[in-house]
$ cat work_23.txt   # compact mmCIF, C-alpha atoms
# COMPACT_ATOMS: atom_id res chain seq x y z
CA MET S 1 -14.93 -25.94 25.58
CA SER S 2 -13.46 -26.16 22.11
CA SER S 3 -9.91 -24.85 21.74
CA HIS S 4 -11.13 -22.70 18.80
CA VAL S 5 -14.40 -20.76 18.58
CA ILE S 6 -15.55 -19.01 15.41
CA PHE S 7 -17.75 -16.17 16.65
CA GLY S 8 -20.18 -14.66 14.17
CA ALA S 9 -19.81 -17.42 11.61
CA GLY S 10 -21.29 -16.20 8.34
CA LEU S 11 -19.86 -17.22 4.98
CA ILE S 12 -16.21 -16.55 5.85
CA GLY S 13 -16.40 -17.80 9.42
CA SER S 14 -18.31 -20.95 8.49
CA TYR S 15 -15.83 -21.71 5.72
CA ILE S 16 -12.83 -21.24 8.06
CA GLY S 17 -14.50 -23.30 10.78
CA ALA S 18 -15.41 -26.13 8.42
CA CYS S 19 -11.86 -26.19 7.07
CA MET S 20 -10.53 -26.43 10.64
CA HIS S 21 -12.94 -29.26 11.47
CA GLN S 22 -11.91 -31.10 8.32
CA LEU S 23 -8.29 -30.92 9.56
CA GLY S 24 -9.25 -32.42 12.92
CA VAL S 25 -9.09 -29.15 14.86
CA ASN S 26 -11.37 -28.84 17.90
CA VAL S 27 -13.60 -25.98 16.79
CA ALA S 28 -17.13 -24.74 17.46
CA LEU S 29 -19.21 -22.16 15.59
CA VAL S 30 -21.35 -19.39 17.06
CA CYS S 31 -23.80 -18.39 14.35
CA ARG S 32 -27.40 -17.51 13.62
CA PRO S 33 -29.95 -20.36 13.76
CA THR S 34 -30.53 -20.07 10.00
CA ILE S 35 -26.85 -20.74 9.31
CA LYS S 36 -26.73 -23.64 11.76
CA HIS S 37 -29.75 -25.16 10.01
CA LYS S 38 -27.89 -25.08 6.68
CA LEU S 39 -24.67 -26.58 8.04
CA ILE S 40 -25.72 -29.05 10.71
CA SER S 41 -26.29 -31.94 8.28
CA GLY S 42 -22.86 -31.48 6.69
CA VAL S 43 -20.86 -29.04 4.62
CA THR S 44 -19.38 -29.29 1.16
CA LEU S 45 -16.22 -27.22 0.70
CA THR S 46 -14.88 -26.35 -2.73
CA ASP S 47 -12.68 -23.66 -4.27
CA TYR S 48 -11.83 -22.13 -7.61
CA GLN S 49 -8.83 -24.51 -7.91
CA GLU S 50 -11.18 -27.52 -7.72
CA HIS S 51 -10.22 -28.67 -4.23
CA HIS S 52 -13.07 -30.47 -2.53
CA ALA S 53 -14.01 -31.83 0.91
CA ASN S 54 -17.14 -33.07 2.65
CA VAL S 55 -17.34 -32.16 6.33
CA THR S 56 -19.76 -33.63 8.84
CA GLY S 57 -20.28 -33.29 12.57
CA LEU S 58 -19.63 -29.58 12.97
CA ASN S 59 -19.91 -28.32 16.55
CA PHE S 60 -22.13 -25.35 17.36
CA LEU S 61 -22.41 -23.16 20.43
CA ASP S 62 -25.98 -22.00 20.91
CA THR S 63 -28.06 -21.10 23.93
CA ASP S 64 -28.86 -24.73 24.73
CA VAL S 65 -25.20 -25.75 24.74
CA LEU S 66 -24.06 -22.68 26.65
CA ALA S 67 -26.72 -23.24 29.32
CA ARG S 68 -25.28 -26.69 30.09
CA LEU S 69 -21.72 -25.45 30.60
CA GLU S 70 -20.16 -24.07 33.75
CA PRO S 71 -18.50 -20.63 33.42
CA ASP S 72 -14.99 -22.14 33.41
CA GLN S 73 -16.03 -24.56 30.66
CA LEU S 74 -16.97 -21.70 28.34
CA LYS S 75 -13.43 -20.40 27.91
CA CYS S 76 -11.57 -21.11 24.67
CA ASP S 77 -7.92 -20.94 23.60
CA PHE S 78 -8.50 -19.13 20.30
CA LEU S 79 -11.48 -16.94 19.49
CA TRP S 80 -11.89 -15.96 15.84
CA LEU S 81 -14.02 -12.83 15.58
CA THR S 82 -15.56 -12.98 12.10
CA VAL S 83 -18.35 -10.43 12.46
CA LYS S 84 -18.44 -7.36 10.21
CA CYS S 85 -16.75 -4.15 11.38
CA GLN S 86 -20.03 -2.51 12.29
CA SER S 87 -20.90 -5.44 14.60
CA VAL S 88 -17.67 -5.46 16.63
CA ALA S 89 -19.00 -3.28 19.46
CA GLN S 90 -21.88 -5.66 20.21
CA ALA S 91 -19.65 -8.71 19.72
CA ILE S 92 -17.24 -7.45 22.40
CA GLN S 93 -20.03 -7.79 24.95
CA ASP S 94 -21.18 -11.16 23.63
CA ILE S 95 -17.77 -12.86 23.60
CA ALA S 96 -16.87 -11.94 27.20
CA PRO S 97 -18.03 -15.30 28.69
CA LEU S 98 -15.83 -17.16 26.18
CA VAL S 99 -12.61 -15.28 26.91
CA SER S 100 -10.10 -16.16 29.62
CA ASP S 101 -6.90 -14.24 30.29
CA LYS S 102 -5.12 -16.78 28.06
CA THR S 103 -7.50 -16.59 25.11
CA VAL S 104 -5.98 -15.35 21.86
CA ILE S 105 -8.49 -13.18 19.98
CA LEU S 106 -8.13 -13.06 16.20
CA CYS S 107 -9.87 -10.14 14.46
CA CYS S 108 -10.84 -11.02 10.90
CA GLN S 109 -12.49 -7.76 9.81
CA ASN S 110 -11.99 -5.81 6.61
CA GLY S 111 -10.78 -2.23 6.72
CA LEU S 112 -8.70 -0.48 9.34
CA GLY S 113 -8.95 -0.04 13.09
CA SER S 114 -11.68 -2.51 14.03
CA GLU S 115 -9.28 -4.35 16.35
CA LYS S 116 -8.75 -1.31 18.61
CA PRO S 117 -12.05 -1.62 20.54
CA VAL S 118 -11.24 -5.31 21.10
CA GLN S 119 -7.79 -4.44 22.45
CA ASN S 120 -9.34 -1.82 24.73
CA ALA S 121 -11.93 -4.28 26.03
CA PHE S 122 -9.42 -7.09 26.58
CA PRO S 123 -6.13 -5.34 27.42
CA ASN S 124 -4.55 -8.43 28.99
CA ASN S 125 -5.19 -10.70 26.01
CA VAL S 126 -3.21 -11.26 22.85
CA VAL S 127 -5.27 -9.66 20.06
CA LEU S 128 -4.07 -10.41 16.54
CA ARG S 129 -5.31 -9.06 13.25
CA VAL S 130 -6.12 -11.50 10.46
CA MET S 131 -6.37 -10.61 6.79
CA VAL S 132 -8.83 -12.73 4.79
CA PRO S 133 -8.26 -11.97 1.10
CA PHE S 134 -10.64 -14.44 -0.53
CA ASN S 135 -14.38 -14.44 -1.14
CA VAL S 136 -16.71 -17.22 -0.09
CA VAL S 137 -20.09 -17.82 -1.71
CA GLU S 138 -22.89 -20.19 -0.83
CA LEU S 139 -23.60 -22.16 -4.00
CA LYS S 140 -26.48 -23.86 -2.24
CA ALA S 141 -27.43 -24.62 1.36
CA GLY S 142 -24.46 -26.37 2.97
CA HIS S 143 -22.09 -25.78 0.03
CA LEU S 144 -19.44 -23.11 0.67
CA HIS S 145 -17.13 -22.16 -2.19
CA ARG S 146 -13.90 -20.14 -1.98
CA GLY S 147 -14.08 -18.20 -5.21
CA SER S 148 -10.80 -16.26 -5.31
CA GLN S 149 -7.11 -16.47 -4.48
CA GLY S 150 -5.08 -15.48 -1.45
CA HIS S 151 -3.73 -16.69 1.88
CA LEU S 152 -5.48 -16.10 5.19
CA THR S 153 -2.69 -14.12 6.87
CA ILE S 154 -2.14 -13.90 10.63
CA GLU S 155 -0.31 -11.10 12.39
CA GLN S 156 2.94 -12.23 13.99
CA THR S 157 3.65 -11.45 17.61
CA ILE S 158 7.14 -10.29 18.61
CA LYS S 159 8.28 -13.87 19.05
CA GLY S 160 5.96 -15.16 16.34
CA GLN S 161 4.99 -18.32 18.21
CA VAL S 162 1.21 -18.04 18.01
CA SER S 163 1.07 -17.29 14.29
CA GLU S 164 3.60 -20.01 13.53
CA ILE S 165 1.60 -22.61 15.46
CA LEU S 166 -1.63 -21.58 13.71
CA GLN S 167 -0.05 -21.55 10.28
CA GLU S 168 1.43 -24.99 10.75
CA ARG S 169 -1.83 -26.43 12.05
CA LEU S 170 -4.29 -24.80 9.65
CA ASN S 171 -2.48 -24.38 6.32
CA SER S 172 -4.13 -26.61 3.72
CA PRO S 173 -5.19 -26.54 0.05
CA LEU S 174 -8.70 -25.32 0.91
CA LEU S 175 -7.39 -22.82 3.49
CA PRO S 176 -3.93 -21.46 2.58
CA VAL S 177 -2.46 -19.71 5.64
CA ALA S 178 0.47 -17.30 5.95
CA GLN S 179 1.83 -14.87 8.57
CA THR S 180 3.28 -11.37 8.47
CA HIS S 181 5.32 -9.01 10.65
CA ASP S 182 3.80 -5.93 8.99
CA MET S 183 0.04 -6.37 9.20
CA GLN S 184 -0.64 -2.63 8.97
CA ALA S 185 0.90 -2.41 5.50
CA LEU S 186 -0.86 -5.63 4.47
CA LEU S 187 -4.22 -4.29 5.63
CA TRP S 188 -3.68 -1.11 3.60
CA ALA S 189 -2.89 -3.32 0.59
CA LYS S 190 -6.05 -5.33 1.21
CA LEU S 191 -7.98 -2.09 1.66
CA GLN S 192 -6.79 -0.99 -1.78
CA LEU S 193 -8.45 -4.06 -3.29
CA ASN S 194 -11.52 -3.74 -1.06
CA LEU S 195 -12.27 -0.28 -2.45
CA GLY S 196 -13.88 -2.16 -5.30
CA ASN S 197 -16.41 -3.74 -2.91
CA SER S 198 -18.58 -0.65 -2.98
CA ILE S 199 -18.47 -0.48 -6.78
CA ASN S 200 -19.49 -4.13 -7.00
CA ALA S 201 -22.41 -3.44 -4.68
CA LEU S 202 -23.49 -0.45 -6.78
CA ALA S 203 -23.04 -2.25 -10.10
CA ASP S 204 -25.09 -5.17 -8.77
CA ILE S 205 -23.23 -7.77 -10.86
CA PRO S 206 -20.64 -10.48 -10.07
CA VAL S 207 -17.05 -9.34 -9.48
CA LYS S 208 -15.71 -11.02 -12.61
CA SER S 209 -18.34 -9.36 -14.80
CA MET S 210 -17.49 -6.01 -13.21
CA LEU S 211 -13.74 -6.42 -13.85
CA GLN S 212 -14.41 -7.27 -17.49
CA GLN S 213 -15.85 -3.76 -18.03
CA ARG S 214 -13.29 -0.97 -18.33
CA GLY S 215 -15.71 1.71 -17.12
CA TYR S 216 -16.04 0.13 -13.69
CA ARG S 217 -12.31 -0.53 -13.55
CA VAL S 218 -11.58 3.17 -14.19
CA VAL S 219 -13.77 4.14 -11.22
CA ILE S 220 -11.98 1.63 -8.97
CA ALA S 221 -8.60 2.87 -10.22
CA THR S 222 -9.54 6.44 -9.25
CA LEU S 223 -10.44 5.29 -5.74
CA MET S 224 -7.16 3.37 -5.49
CA GLN S 225 -5.06 6.34 -6.59
CA GLU S 226 -6.48 8.39 -3.73
CA LEU S 227 -5.51 5.61 -1.31
CA LEU S 228 -1.98 5.48 -2.74
CA THR S 229 -1.64 9.22 -2.18
CA VAL S 230 -2.46 8.61 1.49
CA THR S 231 -0.07 5.66 1.92
CA ASP S 232 2.73 7.62 0.21
CA GLU S 233 2.15 10.47 2.66
CA LEU S 234 2.23 8.00 5.56
CA GLY S 235 5.41 6.38 4.26
CA ILE S 236 3.76 2.96 3.97
CA GLU S 237 5.13 0.64 1.30
CA LEU S 238 2.34 -1.67 0.27
CA PRO S 239 3.23 -5.36 -0.10
CA LYS S 240 2.35 -7.17 -3.30
CA VAL S 241 -0.92 -9.05 -2.69
CA THR S 242 -1.86 -9.64 -6.34
CA SER S 243 0.15 -10.63 -9.39
CA VAL S 244 0.68 -6.88 -9.99
CA PRO S 245 2.49 -4.47 -7.59
CA ALA S 246 0.10 -2.23 -5.64
CA LYS S 247 1.17 1.03 -7.33
CA ILE S 248 0.75 -0.47 -10.78
CA VAL S 249 -2.75 -1.87 -10.19
CA PRO S 250 -4.62 1.39 -11.04
CA TYR S 251 -2.78 1.66 -14.37
CA VAL S 252 -3.54 -1.96 -15.20
CA LEU S 253 -7.20 -1.42 -14.39
CA LYS S 254 -7.36 1.47 -16.86
CA LEU S 255 -6.03 -0.60 -19.78
CA PRO S 256 -8.37 -1.34 -22.69
CA ASN S 257 -10.28 -4.58 -22.21
CA PHE S 258 -8.19 -6.69 -24.58
CA LEU S 259 -4.93 -5.60 -22.94
CA PHE S 260 -6.34 -5.96 -19.43
CA THR S 261 -7.37 -9.53 -20.20
CA LEU S 262 -3.83 -10.33 -21.36
CA VAL S 263 -1.97 -8.57 -18.55
CA ALA S 264 -4.27 -9.31 -15.62
CA ASN S 265 -5.35 -12.88 -16.23
CA LYS S 266 -4.74 -13.71 -12.54
CA MET S 267 -6.97 -10.83 -11.47
CA LEU S 268 -9.71 -12.50 -13.47
CA ALA S 269 -9.07 -15.87 -11.78
CA VAL S 270 -12.26 -15.28 -9.83
CA ASP S 271 -15.20 -17.62 -9.78
CA PRO S 272 -17.99 -16.13 -11.95
CA THR S 273 -20.45 -16.37 -9.05
CA VAL S 274 -18.43 -14.26 -6.58
CA ARG S 275 -19.89 -11.01 -5.27
CA THR S 276 -18.47 -8.87 -2.49
CA SER S 277 -19.66 -8.78 1.11
CA MET S 278 -20.95 -5.23 0.60
CA TRP S 279 -23.15 -6.47 -2.24
CA TRP S 280 -24.61 -9.06 0.13
CA ASP S 281 -25.19 -6.46 2.84
CA MET S 282 -26.92 -4.02 0.51
CA SER S 283 -29.01 -6.75 -1.10
CA GLN S 284 -30.22 -7.87 2.34
CA GLY S 285 -30.86 -4.34 3.59
CA LYS S 286 -28.08 -4.55 6.19
CA PRO S 287 -25.60 -1.85 7.28
CA THR S 288 -22.38 -1.90 5.27
CA GLU S 289 -18.69 -1.53 6.08
CA ILE S 290 -18.36 1.57 3.90
CA HIS S 291 -16.91 3.73 6.71
CA TYR S 292 -14.16 1.15 7.35
CA LEU S 293 -13.29 0.88 3.64
CA ASN S 294 -13.72 3.92 1.40
CA GLY S 295 -14.48 5.96 4.52
CA ALA S 296 -11.12 4.98 6.01
CA VAL S 297 -9.37 6.51 3.01
CA VAL S 298 -11.38 9.72 3.42
CA SER S 299 -10.71 10.07 7.16
CA SER S 300 -7.01 9.21 6.79
CA ALA S 301 -6.64 11.78 4.02
CA GLU S 302 -8.36 14.46 6.09
CA ARG S 303 -6.06 13.80 9.06
CA LEU S 304 -3.15 14.45 6.70
CA GLY S 305 -4.69 17.65 5.36
CA LYS S 306 -5.47 15.92 2.05
CA LYS S 307 -8.68 15.10 0.20
CA ALA S 308 -10.12 11.93 -1.27
CA PRO S 309 -13.12 13.31 -3.19
CA ALA S 310 -13.96 10.19 -5.23
CA ASN S 311 -14.01 7.96 -2.17
CA LYS S 312 -16.06 10.56 -0.31
CA ARG S 313 -18.63 10.61 -3.11
CA ILE S 314 -18.90 6.82 -3.03
CA VAL S 315 -19.41 6.87 0.75
CA THR S 316 -22.21 9.40 0.24
CA LEU S 317 -23.81 7.25 -2.44
CA ILE S 318 -23.70 4.03 -0.40
CA GLU S 319 -25.12 5.89 2.59
CA SER S 320 -27.96 7.29 0.49
CA LEU S 321 -28.90 3.88 -0.91
CA THR S 322 -28.87 2.23 2.50
CA SER S 323 -30.77 5.05 4.19
CA SER S 324 -34.46 4.77 5.04
CA ASN S 325 -34.76 8.43 4.03
CA GLY S 326 -36.31 8.28 0.58
CA ALA S 327 -35.89 12.01 0.02
CA LYS S 328 -32.15 11.61 0.36
CA LYS S 329 -32.20 8.97 -2.38
CA ASP S 330 -34.15 11.29 -4.67
CA LEU S 331 -31.52 14.01 -4.28
CA LEU S 332 -28.88 11.71 -5.76
CA ASN S 333 -31.23 10.36 -8.43
CA LEU S 334 -29.38 7.03 -8.64
CA ALA S 335 -30.52 3.50 -7.90
CA ARG S 336 -28.96 0.08 -8.31
CA PRO S 337 -27.84 -1.26 -10.69
CA ILE S 338 -25.71 1.76 -11.49
CA SER S 339 -23.83 1.80 -14.77
CA ALA S 340 -20.12 2.51 -15.08
CA LYS S 341 -20.86 5.74 -16.96
CA GLN S 342 -23.21 6.92 -14.20
CA LEU S 343 -20.55 6.20 -11.57
CA GLN S 344 -17.86 8.00 -13.57
CA ASN S 345 -20.05 11.07 -13.89
CA PHE S 346 -20.99 10.89 -10.20
CA ILE S 347 -17.45 10.83 -8.80
CA ARG S 348 -16.45 13.74 -11.06
CA LYS S 349 -19.02 16.00 -9.42
CA ARG S 350 -17.74 18.40 -6.77

$ encode --input "work_23.txt" --output "structure tokens"
Amino acid sequence: MSSHVIFGAGLIGSYIGACMHQLGVNVALVCRPTIKHKLISGVTLTDYQEHHANVTGLNFLDTDVLARLEPDQLKCDFLWLTVKCQSVAQAIQDIAPLVSDKTVILCCQNGLGSEKPVQNAFPNNVVLRVMVPFNVVELKAGHLHRGSQGHLTIEQTIKGQVSEILQERLNSPLLPVAQTHDMQALLWAKLQLNLGNSINALADIPVKSMLQQRGYRVVIATLMQELLTVTDELGIELPKVTSVPAKIVPYVLKLPNFLFTLVANKMLAVDPTVRTSMWWDMSQGKPTEIHYLNGAVVSSAERLGKKAPANKRIVTLIESLTSSNGAKKDLLNLARPISAKQLQNFIRKR
């Protein structure tokens, strides 16, 4: 069995796996047949900084391969769980044959708390959280493009050995890798940025185009300010994950367009094709991660006796648009693409 398995390899997982393979790491991908079909002849990797690599000979684990292996041969050293938050429960059952008592499981989900069911299911294993800050888009079949900045960051254990080994082995121009002692604070900081995922899905435009419009930025800033109220109450100091400190980001977002362009040029260092994972989910009629993103702010606020009304309204709106209940959609009287003005009016309602 490969020392690394990427389980649930979509855009992010396939990109990480292809980067590993390009570095000579023994890695195999578990993915849908449609994804395997796109990647099996070779993968082109690029990023917004113009790094480039061609990768061939990717290894895949599918039913045919698994049927030929003995149970002991299925076990891997590192299992990267790259499914969405809402798919973790099913994935826990599916990965069981791949996990030995020595397997390190790396949870690469957005949001907060998705690693807890994994820890409960595999209490004797090392389970580490991984923060993936960048977006990956498929420019064409077999061409994966990292469209934004940031280091894949691995949670450090008490002694830090696992994360140090992985960082040293995997860090590269196409896949910058870091490690952190305080993953909880980092995930809250990432969550602050991910609150814009829902707005991107509702706006139905690329991220860069969205950030160039002040109206959308004001909505995102409102969502972020509610999160910052929660983290202040929890005593969490958010690390700086963009060129602007976390507490300053909402104020920067509210600047007039010409000032925002001057101050936040690095925020706009996003490939013009990038859209968020929630946009992809909504566009394909799939369940979204809304309860692990904006919903996490709402539930955390409620546990503290606080409110997060704007985030709660956005959760309601995403739910209505992904519901099969047409009557529910009619009650909200909104449909994608939703303008910035419509969103501003919507989150003001009580």

$ residues_around --input "work_23.txt" --residues "range 78-94 of chain S" --least-positions-apart "2" --cutoff "7 Å" --atoms "all atoms listed in the file" --output "VMD selection string"
chain S and resid 3 to 9 13 76 96 103 to 110 114 118 289

$ closest_residue --input "work_23.txt" --among "S:Pro71, S:Pro337, S:Gly150, S:Gly285" --to "Glu319 in chain S" --atoms "only C-alpha atoms"
S:Gly285

$ residues_near_point --input "work_23.txt" --point "(-15.6, 9.6, -10.5)" --cutoff "7 Å" --atoms "only C-alpha atoms" --output "list in words"
Val219, Thr222, Ala310, Leu343, Gln344, Asn345, Phe346, Ile347 and Arg348 of chain S

$ closest_residue --input "work_23.txt" --among "S:Val137, S:Leu193, S:Asp62, S:Asn26" --to "Arg169 in chain S" --atoms "only C-alpha atoms"
S:Asn26

$ residues_around --input "work_23.txt" --residues "range 238-249 of chain S" --least-positions-apart "5" --cutoff "12 Å" --atoms "all atoms listed in the file" --output "PDB file with C-alpha atoms, keeping the file's coordinate frame"
ATOM      1  CA  MET S 131      -6.370 -10.610   6.790  1.00  0.00           C
ATOM      2  CA  VAL S 132      -8.830 -12.730   4.790  1.00  0.00           C
ATOM      3  CA  PRO S 133      -8.260 -11.970   1.100  1.00  0.00           C
ATOM      4  CA  PHE S 134     -10.640 -14.440  -0.530  1.00  0.00           C
ATOM      5  CA  SER S 148     -10.800 -16.260  -5.310  1.00  0.00           C
ATOM      6  CA  GLN S 149      -7.110 -16.470  -4.480  1.00  0.00           C
ATOM      7  CA  GLY S 150      -5.080 -15.480  -1.450  1.00  0.00           C
ATOM      8  CA  HIS S 151      -3.730 -16.690   1.880  1.00  0.00           C
ATOM      9  CA  LEU S 152      -5.480 -16.100   5.190  1.00  0.00           C
ATOM     10  CA  THR S 153      -2.690 -14.120   6.870  1.00  0.00           C
ATOM     11  CA  THR S 180       3.280 -11.370   8.470  1.00  0.00           C
ATOM     12  CA  HIS S 181       5.320  -9.010  10.650  1.00  0.00           C
ATOM     13  CA  ASP S 182       3.800  -5.930   8.990  1.00  0.00           C
ATOM     14  CA  MET S 183       0.040  -6.370   9.200  1.00  0.00           C
ATOM     15  CA  GLN S 184      -0.640  -2.630   8.970  1.00  0.00           C
ATOM     16  CA  ALA S 185       0.900  -2.410   5.500  1.00  0.00           C
ATOM     17  CA  LEU S 186      -0.860  -5.630   4.470  1.00  0.00           C
ATOM     18  CA  LEU S 187      -4.220  -4.290   5.630  1.00  0.00           C
ATOM     19  CA  TRP S 188      -3.680  -1.110   3.600  1.00  0.00           C
ATOM     20  CA  ALA S 189      -2.890  -3.320   0.590  1.00  0.00           C
ATOM     21  CA  LYS S 190      -6.050  -5.330   1.210  1.00  0.00           C
ATOM     22  CA  LEU S 191      -7.980  -2.090   1.660  1.00  0.00           C
ATOM     23  CA  GLN S 192      -6.790  -0.990  -1.780  1.00  0.00           C
ATOM     24  CA  LEU S 193      -8.450  -4.060  -3.290  1.00  0.00           C
ATOM     25  CA  ASN S 194     -11.520  -3.740  -1.060  1.00  0.00           C
ATOM     26  CA  ARG S 217     -12.310  -0.530 -13.550  1.00  0.00           C
ATOM     27  CA  VAL S 218     -11.580   3.170 -14.190  1.00  0.00           C
ATOM     28  CA  ILE S 220     -11.980   1.630  -8.970  1.00  0.00           C
ATOM     29  CA  ALA S 221      -8.600   2.870 -10.220  1.00  0.00           C
ATOM     30  CA  THR S 222      -9.540   6.440  -9.250  1.00  0.00           C
ATOM     31  CA  LEU S 223     -10.440   5.290  -5.740  1.00  0.00           C
ATOM     32  CA  MET S 224      -7.160   3.370  -5.490  1.00  0.00           C
ATOM     33  CA  GLN S 225      -5.060   6.340  -6.590  1.00  0.00           C
ATOM     34  CA  GLU S 226      -6.480   8.390  -3.730  1.00  0.00           C
ATOM     35  CA  LEU S 227      -5.510   5.610  -1.310  1.00  0.00           C
ATOM     36  CA  LEU S 228      -1.980   5.480  -2.740  1.00  0.00           C
ATOM     37  CA  THR S 229      -1.640   9.220  -2.180  1.00  0.00           C
ATOM     38  CA  VAL S 230      -2.460   8.610   1.490  1.00  0.00           C
ATOM     39  CA  THR S 231      -0.070   5.660   1.920  1.00  0.00           C
ATOM     40  CA  ASP S 232       2.730   7.620   0.210  1.00  0.00           C
ATOM     41  CA  LYS S 254      -7.360   1.470 -16.860  1.00  0.00           C
ATOM     42  CA  LEU S 255      -6.030  -0.600 -19.780  1.00  0.00           C
ATOM     43  CA  PHE S 260      -6.340  -5.960 -19.430  1.00  0.00           C
ATOM     44  CA  VAL S 263      -1.970  -8.570 -18.550  1.00  0.00           C
ATOM     45  CA  ALA S 264      -4.270  -9.310 -15.620  1.00  0.00           C
ATOM     46  CA  ASN S 265      -5.350 -12.880 -16.230  1.00  0.00           C
ATOM     47  CA  LYS S 266      -4.740 -13.710 -12.540  1.00  0.00           C
ATOM     48  CA  MET S 267      -6.970 -10.830 -11.470  1.00  0.00           C
ATOM     49  CA  LEU S 268      -9.710 -12.500 -13.470  1.00  0.00           C
ATOM     50  CA  ALA S 269      -9.070 -15.870 -11.780  1.00  0.00           C
TER      51      ALA S 269
END

$ atom_distance --input "work_23.txt" --atom1 "CA of Ser339 in chain S" --atom2 "CA of Leu202 in chain S"
8.3 Å

$ closest_residue --input "work_23.txt" --among "S:His291, S:Lys312, S:Arg275, S:Lys307" --to "Asn135 in chain S" --atoms "only C-alpha atoms"
S:Arg275

$ closest_residue --input "work_23.txt" --among "S:Leu262, S:Leu195, S:Val270, S:Leu174" --to "Gly295 in chain S" --atoms "only C-alpha atoms"
S:Leu195

$ closest_residue --input "work_23.txt" --among "S:Thr261, S:Pro206, S:His145, S:Ile314" --to "Glu50 in chain S" --atoms "only C-alpha atoms"
S:His145

$ closest_residue --input "work_23.txt" --among "S:Thr288, S:Thr34, S:Gln342, S:Ser163" --to "Ile318 in chain S" --atoms "only C-alpha atoms"
S:Thr288

$ atom_distance --input "work_23.txt" --atom1 "CA of Gly10 in chain S" --atom2 "CA of Phe60 in chain S"
12.9 Å

$ decode --input "work_23.txt" --residues "range 34-50 of chain S" --atoms "N, CA and C atoms" --output "compact mmCIF listing (two decimals), in the first residue's frame"
# COMPACT_ATOMS: atom_id res chain seq x y z
N THR S 34 -15.11 9.52 -12.55
CA THR S 34 -15.01 10.66 -13.48
C THR S 34 -13.73 11.45 -13.26
N ILE S 35 -13.30 11.56 -12.01
CA ILE S 35 -12.05 12.29 -11.72
C ILE S 35 -10.85 11.46 -12.18
N LYS S 36 -10.88 10.16 -11.91
CA LYS S 36 -9.79 9.30 -12.37
C LYS S 36 -9.64 9.40 -13.89
N HIS S 37 -10.75 9.40 -14.60
CA HIS S 37 -10.72 9.48 -16.06
C HIS S 37 -10.01 10.74 -16.54
N LYS S 38 -10.20 11.85 -15.81
CA LYS S 38 -9.57 13.11 -16.20
C LYS S 38 -8.08 13.14 -15.91
N LEU S 39 -7.65 12.40 -14.87
CA LEU S 39 -6.27 12.51 -14.39
C LEU S 39 -5.36 11.37 -14.82
N ILE S 40 -5.92 10.26 -15.26
CA ILE S 40 -5.12 9.06 -15.45
C ILE S 40 -4.09 9.21 -16.57
N SER S 41 -4.35 10.08 -17.54
CA SER S 41 -3.40 10.27 -18.64
C SER S 41 -2.32 11.30 -18.31
N GLY S 42 -2.43 11.93 -17.15
CA GLY S 42 -1.45 12.94 -16.75
C GLY S 42 -2.13 14.20 -16.25
N VAL S 43 -1.39 14.94 -15.43
CA VAL S 43 -1.94 16.15 -14.82
C VAL S 43 -0.98 17.31 -15.05
N THR S 44 -1.55 18.44 -15.42
CA THR S 44 -0.79 19.68 -15.47
C THR S 44 -1.11 20.48 -14.22
N LEU S 45 -0.06 20.89 -13.50
CA LEU S 45 -0.21 21.70 -12.29
C LEU S 45 0.33 23.09 -12.56
N THR S 46 -0.46 24.10 -12.24
CA THR S 46 0.00 25.48 -12.34
C THR S 46 -0.51 26.25 -11.13
N ASP S 47 0.01 27.47 -10.94
CA ASP S 47 -0.53 28.34 -9.90
C ASP S 47 -0.46 29.79 -10.33
N TYR S 48 -1.02 30.65 -9.49
CA TYR S 48 -1.12 32.06 -9.83
C TYR S 48 0.24 32.75 -9.87
N GLN S 49 1.28 32.10 -9.36
CA GLN S 49 2.64 32.64 -9.41
C GLN S 49 3.44 32.09 -10.59
N GLU S 50 2.74 31.39 -11.48
CA GLU S 50 3.30 30.86 -12.73
C GLU S 50 4.25 29.68 -12.54
